[in-house]
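Worksheet: the structure to be examined is printed underneath.
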Amino acid sequence: MSIGSTPMKFRVTIDPERCMNCGRCVENCSYGVFRREGDSIRINSRNCAACHRCIAFCPRDAIEIEEKPNDYRSHPVWTREVREAIFNQARTGRIILSGMGNAKPYPIIFDQLVLDACQVTNPSIDPLREPMELRTYLGKKPASLSLRPLPDGEVELRTKLTPNLQIETPIMIGHMSYGAISLNAQTALAKAVSRVGTFMGTGEGGLHESLYPYQDHMIVQVASGRFGVDINYLERGAAIEIKIGQGAKPGIGGHLPGDKVCTDISCTRMIPEGSDAISPAPHHDIYSIEDLKQLVRSLKEATEWKKPVFVKIAAVHNSAAIAAGIARSGADAVVVDGFRGGSGATPRVFRDHVGIPVEAAVASVDAKLRDQGIRNEVSIIASGGIRESADVAKIICLGADAVYIGTSALVAMGCRVCGTCYKGTCAWGIATQKPELVRRLDVETNAVQVENLIHGWTLELAELMGAAGINSIESLRGNRDRLRGYMLDEGLLQVLDVKTVGA
Amino acid sequence: MGAVHINAKDIHYTQLNEQIRTIVARGGKEIILDNILGQRFIADGLRGENVTITINGVPGGDLAMFMSGPTIIVHGNADHAPGNTMDKGTVIIHGSAGDAVAHSMRGGRIYVRDNIGYRGGIHMKQYMGKRPILVVGGSAQAFLGEYMAGGLLIVLGLNDAAPVSERGVGSGIHGGEIIVRGEVEEKYLGMGAKQQPLTSEQRAEILPVIEDFARVFNIDKEPLLAAEYSRIIPAHARPFANKYTWE
């Protein structure tokens, strides 16, 4: 005990004046904070993850959670997080595992970009009165069209078009595997995207058979572990996504610990129950950009060239050059996952320190592809830290065709961003496989909530576009003139290709 | 329908696969591809029971990738990753094959008469009734059976070469088994792998596979059945269990 116990992260208190002793907090907490002793409810604050399940279900607002009740001696360099990480590693000698996205207070570029609106010289458009075109097609667009007039006055299109995904709003849900999240959570997301006319990713966990009814709205992932991948899986997906990297942990693979591989996950991933599911850092059939081309083509060949193939990379320093290689690989879209992207379990050092923001990555990818005259070869999907409709509008202005949301969709299902997904005891039934917790997540209610969120954002996007005098998402895409940087430095303004406010 | 011949000279792999799929859809059971020269993805994602495709020539990479059912016989060498993420069926190569043979293979059999390149059997896995088998007659190069999660990988070291004498054998292995004739020098074993002699039950289990391999390639089986073998398996069931601590 040379280090002793560190200060509590949270202090939980129950106001005895308000508490009616109903015990809902005891029932709802999956971390073991509350217990009943005789007539009273006892509290062990050290178990608290601040998931707010107890607060949400307390009928009397009797519970209070105070964050960091005991401060360390303050110091700007030796922060609480730094000191506690050292204590942890001094005790264990291990890699620190964390959840959710980047938790360091880097400045957020989105919040230093502002959108434009029309005043006088060109009128804004009222989305209530005028049609707003938000439908987006993801995939290759031909560089030119070959047309032939027919005798009856019609025109024949002679250019062979490649398959595209049609989305009714440029908002999709990113890849969160069955394993990382529960089947109920996946099903709620699947229902939501089917109703909205958009898509979601399966993650690298296979496609559970209960999701087959939604397969036309599912993008199936092929990652380095190839879990759940066979020809049936590839054919079921509306599109196929090769996962090269993830914004929360660029450059490394993933391990689903064997204790999370239950019967149902085992059959979906096609691995024995209780075995570790290890996704290696690289795909071992991709050691070069030429090999990537080969995997892209092998997937297209296996599915008879009927499915778009996406390639997802983590946003890193060299994203633009990598994306140019992807565009030439035959892939139909490149997904750029920024360093704020979420994760169920990620080494803290990667989550907080590796990769770059999606805003800069998308802008540079878009610029590089345009410079090389191959922007039409791939769509750009941005993900990682998209929190609201304004972020969607801004990243589209920076060159994205569409976005993936992850954490936002989970928050719409109750997630409080407590960041303890890796413990597998999510009280909201999202990041857990414990049946008694998974049951808490009502599929239909949550499907409606996720649908509401996408619908609300889509309405806001239409309003923002209308205000800018734009009635088609295509006119917003890459339209940096509708953005201004507020207190961004000159170097970043150049990368984003955005002027400063006032200019 | 009798055997169908396709002269593959100068045919692109997509057209070739279209022809193969059409023949299989019409009930063709035997397809012979002549003049194959580097076409990739042959039989990629192909389904079909009792379908045999004979390849005369040298197929390109990812032969039988995602394949589910057919048998492929190659009279020649194969490029990298034959049987990549293969689900079911058989691939018999009368020659050598390149890197990453049987990469992530989940079911079926691959027999390579001669040698294979690096990363042979990497991340092979098994699930319930599906247990992939890769048998190599000659020798393998580094990182044999790396990250192996299931299945059976046998290297016989015929042709007067040791089965494997390069590093990283079974590194990160967490399931399945690698069997070599004789043994692998300890210094070549990868992290997380350990080598053991076979028990008589384990030996009895693999001998029918070796016998079948000898039959397919018309090799004298007796010396193989009499030989000593070693078994390389995970040193721990959960190699990464003690790597992490919670934030």
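Chain labels run A, B, ... following the order of the structure tokens; each chain numbers its residues from 1, and ligands are numbered from 1 in the order shown.
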
Dump as a PDB file with C-alpha atoms, in the first residue's frame the residues of chain A that approach chain B to within 6 Å, counting only C-alpha atoms.
ATOM      1  CA  ARG A  94       0.147  -2.717 -17.859  1.00  0.00           C
ATOM      2  CA  ILE A  95      -1.323  -0.728 -20.739  1.00  0.00           C
ATOM      3  CA  ILE A  96      -4.162   1.524 -19.576  1.00  0.00           C
ATOM      4  CA  LEU A  97      -7.422   0.654 -21.288  1.00  0.00           C
ATOM      5  CA  SER A  98      -9.986   3.406 -21.765  1.00  0.00           C
ATOM      6  CA  ASP A 230     -18.084 -15.428 -45.507  1.00  0.00           C
ATOM      7  CA  ILE A 231     -19.710 -15.127 -48.899  1.00  0.00           C
ATOM      8  CA  MET A 270     -17.860 -17.582 -36.067  1.00  0.00           C
ATOM      9  CA  ILE A 271     -15.338 -18.246 -33.306  1.00  0.00           C
ATOM     10  CA  PRO A 272     -15.528 -20.610 -30.328  1.00  0.00           C
ATOM     11  CA  ALA A 302     -16.842 -12.215 -54.918  1.00  0.00           C
TER      12      ALA A 302
END

Go through stretch 105-205 of chain B and collect every residue that DSSP, computed from the backbone, puts in strand (DSSP E); the answer should be as an NGL selection string.
-> :B and (109-112 or 133-136 or 149-155 or 175-181 or 193-197)

Any chance you could export the current selection's C-alpha atoms as a short mmCIF file (atom, residue, chain, number, x, y, z; two decimals), in the first residue's frame?
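Listing of part-v3.cif after writing:
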data_model
loop_
_atom_site.label_atom_id
_atom_site.label_comp_id
_atom_site.auth_asym_id
_atom_site.auth_seq_id
_atom_site.Cartn_x
_atom_site.Cartn_y
_atom_site.Cartn_z
CA ARG B 109 -8.68 -28.20 -46.89
CA ILE B 110 -5.64 -26.91 -48.71
CA TYR B 111 -2.85 -29.27 -49.78
CA VAL B 112 0.35 -27.78 -51.19
CA ILE B 133 -6.73 -27.96 -42.59
CA LEU B 134 -3.60 -26.83 -44.41
CA VAL B 135 -0.97 -29.44 -45.29
CA VAL B 136 2.34 -28.43 -46.85
CA ALA B 149 -6.94 -19.08 -33.72
CA GLY B 150 -7.98 -22.55 -34.82
CA GLY B 151 -7.57 -25.33 -37.34
CA LEU B 152 -4.80 -27.75 -38.21
CA LEU B 153 -1.61 -26.83 -40.05
CA ILE B 154 0.83 -29.60 -40.98
CA VAL B 155 4.25 -29.08 -42.56
CA GLY B 175 -6.02 -21.63 -30.88
CA GLY B 176 -5.51 -24.53 -33.27
CA GLU B 177 -2.30 -26.49 -33.76
CA ILE B 178 0.75 -26.58 -35.99
CA ILE B 179 2.24 -30.02 -36.61
CA VAL B 180 5.72 -30.40 -38.06
CA ARG B 181 7.61 -33.53 -38.98
CA ALA B 193 3.90 -20.58 -28.80
CA LYS B 194 5.15 -23.78 -27.22
CA GLN B 195 6.21 -27.10 -28.71
CA GLN B 196 5.27 -30.54 -27.45
CA PRO B 197 5.62 -34.11 -28.65
#

Could you give me the residues within chain B that DSSP places in alpha helix (DSSP H), as a PyMOL selection string?
-> chain B and resi 13-25+200-217+222-226

Could you write those residues out with N, CA and C atoms, as a short mmCIF file (atom, residue, chain, number, x, y, z; two decimals), in the first residue's frame?
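Once everything was written out, this is selection-v3.cif:
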data_model
loop_
_atom_site.label_atom_id
_atom_site.label_comp_id
_atom_site.auth_asym_id
_atom_site.auth_seq_id
_atom_site.Cartn_x
_atom_site.Cartn_y
_atom_site.Cartn_z
N TYR B 13 -9.89 -11.97 -65.38
CA TYR B 13 -10.45 -12.81 -64.32
C TYR B 13 -11.95 -12.63 -64.14
N THR B 14 -12.45 -11.43 -64.38
CA THR B 14 -13.89 -11.22 -64.18
C THR B 14 -14.70 -12.04 -65.19
N GLN B 15 -14.27 -12.00 -66.44
CA GLN B 15 -14.97 -12.79 -67.46
C GLN B 15 -14.82 -14.29 -67.16
N LEU B 16 -13.64 -14.65 -66.71
CA LEU B 16 -13.40 -16.06 -66.40
C LEU B 16 -14.34 -16.53 -65.27
N ASN B 17 -14.42 -15.73 -64.21
CA ASN B 17 -15.30 -16.10 -63.10
C ASN B 17 -16.76 -16.11 -63.52
N GLU B 18 -17.14 -15.18 -64.40
CA GLU B 18 -18.52 -15.18 -64.91
C GLU B 18 -18.81 -16.49 -65.62
N GLN B 19 -17.86 -16.92 -66.45
CA GLN B 19 -18.07 -18.19 -67.17
C GLN B 19 -18.17 -19.36 -66.19
N ILE B 20 -17.30 -19.35 -65.19
CA ILE B 20 -17.32 -20.45 -64.21
C ILE B 20 -18.66 -20.47 -63.48
N ARG B 21 -19.10 -19.30 -63.02
CA ARG B 21 -20.38 -19.23 -62.30
C ARG B 21 -21.54 -19.71 -63.16
N THR B 22 -21.51 -19.31 -64.43
CA THR B 22 -22.59 -19.72 -65.33
C THR B 22 -22.61 -21.24 -65.49
N ILE B 23 -21.43 -21.83 -65.65
CA ILE B 23 -21.37 -23.29 -65.82
C ILE B 23 -21.88 -23.98 -64.56
N VAL B 24 -21.46 -23.48 -63.39
CA VAL B 24 -21.89 -24.11 -62.14
C VAL B 24 -23.41 -23.94 -61.97
N ALA B 25 -23.91 -22.76 -62.32
CA ALA B 25 -25.35 -22.52 -62.18
C ALA B 25 -26.15 -23.46 -63.08
N SER B 200 -0.21 -40.27 -28.33
CA SER B 200 -0.62 -41.26 -29.34
C SER B 200 -2.01 -40.95 -29.89
N GLU B 201 -2.88 -40.34 -29.06
CA GLU B 201 -4.21 -39.96 -29.58
C GLU B 201 -4.08 -38.84 -30.62
N GLN B 202 -3.23 -37.88 -30.29
CA GLN B 202 -3.05 -36.76 -31.23
C GLN B 202 -2.46 -37.27 -32.54
N ARG B 203 -1.54 -38.20 -32.42
CA ARG B 203 -0.92 -38.79 -33.60
C ARG B 203 -1.96 -39.54 -34.43
N ALA B 204 -2.80 -40.27 -33.75
CA ALA B 204 -3.83 -41.04 -34.45
C ALA B 204 -4.80 -40.11 -35.18
N GLU B 205 -4.95 -38.92 -34.64
CA GLU B 205 -5.88 -37.97 -35.24
C GLU B 205 -5.32 -37.37 -36.54
N ILE B 206 -4.01 -37.14 -36.58
CA ILE B 206 -3.45 -36.48 -37.77
C ILE B 206 -3.03 -37.46 -38.87
N LEU B 207 -2.76 -38.70 -38.50
CA LEU B 207 -2.25 -39.63 -39.53
C LEU B 207 -3.21 -39.82 -40.71
N PRO B 208 -4.53 -39.88 -40.49
CA PRO B 208 -5.41 -39.99 -41.67
C PRO B 208 -5.29 -38.80 -42.61
N VAL B 209 -5.03 -37.60 -42.06
CA VAL B 209 -4.87 -36.42 -42.91
C VAL B 209 -3.60 -36.56 -43.74
N ILE B 210 -2.53 -37.02 -43.09
CA ILE B 210 -1.26 -37.19 -43.79
C ILE B 210 -1.37 -38.29 -44.85
N GLU B 211 -2.08 -39.32 -44.51
CA GLU B 211 -2.30 -40.43 -45.45
C GLU B 211 -3.05 -39.94 -46.69
N ASP B 212 -4.05 -39.11 -46.44
CA ASP B 212 -4.84 -38.56 -47.54
C ASP B 212 -3.96 -37.68 -48.43
N PHE B 213 -3.11 -36.87 -47.79
CA PHE B 213 -2.19 -36.00 -48.53
C PHE B 213 -1.28 -36.84 -49.43
N ALA B 214 -0.74 -37.93 -48.87
CA ALA B 214 0.15 -38.82 -49.63
C ALA B 214 -0.60 -39.45 -50.80
N ARG B 215 -1.85 -39.82 -50.57
CA ARG B 215 -2.65 -40.43 -51.63
C ARG B 215 -2.88 -39.44 -52.78
N VAL B 216 -3.24 -38.20 -52.41
CA VAL B 216 -3.54 -37.18 -53.42
C VAL B 216 -2.33 -36.92 -54.32
N PHE B 217 -1.15 -36.86 -53.72
CA PHE B 217 0.04 -36.52 -54.51
C PHE B 217 0.85 -37.76 -54.91
N GLU B 222 4.37 -44.58 -46.31
CA GLU B 222 4.93 -45.31 -45.17
C GLU B 222 5.94 -44.50 -44.34
N PRO B 223 6.93 -43.87 -45.00
CA PRO B 223 7.88 -43.09 -44.18
C PRO B 223 7.17 -41.98 -43.39
N LEU B 224 6.10 -41.43 -43.98
CA LEU B 224 5.39 -40.34 -43.31
C LEU B 224 4.63 -40.86 -42.09
N LEU B 225 4.05 -42.06 -42.26
CA LEU B 225 3.28 -42.62 -41.15
C LEU B 225 4.19 -43.06 -40.01
N ALA B 226 5.44 -43.38 -40.38
CA ALA B 226 6.38 -43.85 -39.36
C ALA B 226 7.13 -42.71 -38.68
#

Could you tell me which of A:Ser343, A:Gln215, A:Ser182, A:Ser224 comes closest to A:Ala239 if we count only C-alpha atoms?
-> A:Gln215

Contact residues around stretch 106-120 of chain A with only C-alpha atoms at 8 Å, ignoring same-chain residues under 5 positions, as a list in words = Pro357, Glu359, Asp391, Lys394, Leu464, Ala467, Ala468, Gly469, Arg482, Leu483, Arg484, Gly485, Tyr486, Met487 and Leu488 of chain A

Write out the residues from the selection above, keeping N, CA and C atoms, as a PDB file, in the first residue's frame.
ATOM      1  N   PRO A 357      -7.467  15.567 -36.089  1.00  0.00           N
ATOM      2  CA  PRO A 357      -8.912  15.853 -36.135  1.00  0.00           C
ATOM      3  C   PRO A 357      -9.487  15.613 -37.531  1.00  0.00           C
ATOM      4  N   GLU A 359     -11.677  17.246 -39.135  1.00  0.00           N
ATOM      5  CA  GLU A 359     -11.877  18.462 -39.946  1.00  0.00           C
ATOM      6  C   GLU A 359     -10.669  18.685 -40.866  1.00  0.00           C
ATOM      7  N   ASP A 391     -21.969  20.398 -37.072  1.00  0.00           N
ATOM      8  CA  ASP A 391     -20.745  19.669 -37.437  1.00  0.00           C
ATOM      9  C   ASP A 391     -20.927  18.999 -38.795  1.00  0.00           C
ATOM     10  N   LYS A 394     -20.667  21.656 -41.456  1.00  0.00           N
ATOM     11  CA  LYS A 394     -19.294  22.164 -41.591  1.00  0.00           C
ATOM     12  C   LYS A 394     -18.385  21.145 -42.282  1.00  0.00           C
ATOM     13  N   LEU A 464     -30.174  25.214 -42.279  1.00  0.00           N
ATOM     14  CA  LEU A 464     -28.870  25.866 -42.447  1.00  0.00           C
ATOM     15  C   LEU A 464     -28.576  26.102 -43.923  1.00  0.00           C
ATOM     16  N   ALA A 467     -30.811  28.883 -45.243  1.00  0.00           N
ATOM     17  CA  ALA A 467     -30.325  30.181 -44.790  1.00  0.00           C
ATOM     18  C   ALA A 467     -29.146  30.647 -45.639  1.00  0.00           C
ATOM     19  N   ALA A 468     -28.383  29.667 -46.128  1.00  0.00           N
ATOM     20  CA  ALA A 468     -27.222  30.005 -46.950  1.00  0.00           C
ATOM     21  C   ALA A 468     -27.602  30.118 -48.427  1.00  0.00           C
ATOM     22  N   GLY A 469     -28.896  29.998 -48.719  1.00  0.00           N
ATOM     23  CA  GLY A 469     -29.346  30.128 -50.102  1.00  0.00           C
ATOM     24  C   GLY A 469     -29.021  28.923 -50.957  1.00  0.00           C
ATOM     25  N   ARG A 482     -18.632  29.048 -47.683  1.00  0.00           N
ATOM     26  CA  ARG A 482     -19.693  29.180 -46.678  1.00  0.00           C
ATOM     27  C   ARG A 482     -19.169  29.009 -45.264  1.00  0.00           C
ATOM     28  N   LEU A 483     -17.875  28.872 -45.141  1.00  0.00           N
ATOM     29  CA  LEU A 483     -17.257  28.732 -43.816  1.00  0.00           C
ATOM     30  C   LEU A 483     -16.295  29.884 -43.586  1.00  0.00           C
ATOM     31  N   ARG A 484     -16.150  30.254 -42.336  1.00  0.00           N
ATOM     32  CA  ARG A 484     -15.081  31.164 -41.956  1.00  0.00           C
ATOM     33  C   ARG A 484     -14.440  30.626 -40.682  1.00  0.00           C
ATOM     34  N   GLY A 485     -13.155  30.835 -40.585  1.00  0.00           N
ATOM     35  CA  GLY A 485     -12.446  30.403 -39.384  1.00  0.00           C
ATOM     36  C   GLY A 485     -12.424  31.515 -38.351  1.00  0.00           C
ATOM     37  N   TYR A 486     -12.732  31.179 -37.123  1.00  0.00           N
ATOM     38  CA  TYR A 486     -12.762  32.162 -36.042  1.00  0.00           C
ATOM     39  C   TYR A 486     -11.623  31.848 -35.077  1.00  0.00           C
ATOM     40  N   MET A 487     -10.607  32.680 -35.092  1.00  0.00           N
ATOM     41  CA  MET A 487      -9.447  32.503 -34.228  1.00  0.00           C
ATOM     42  C   MET A 487      -8.677  31.216 -34.559  1.00  0.00           C
ATOM     43  N   LEU A 488      -8.640  30.868 -35.824  1.00  0.00           N
ATOM     44  CA  LEU A 488      -7.785  29.748 -36.226  1.00  0.00           C
ATOM     45  C   LEU A 488      -6.477  30.325 -36.764  1.00  0.00           C
TER      46      LEU A 488
END

From B:Gly57, B:Pro234, B:Gly138, B:Gly76, residue lying nearest B:Ile173 [only C-alpha atoms] |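 Checking each candidate against B:Ile173, we get B:Pro234 as the closest.
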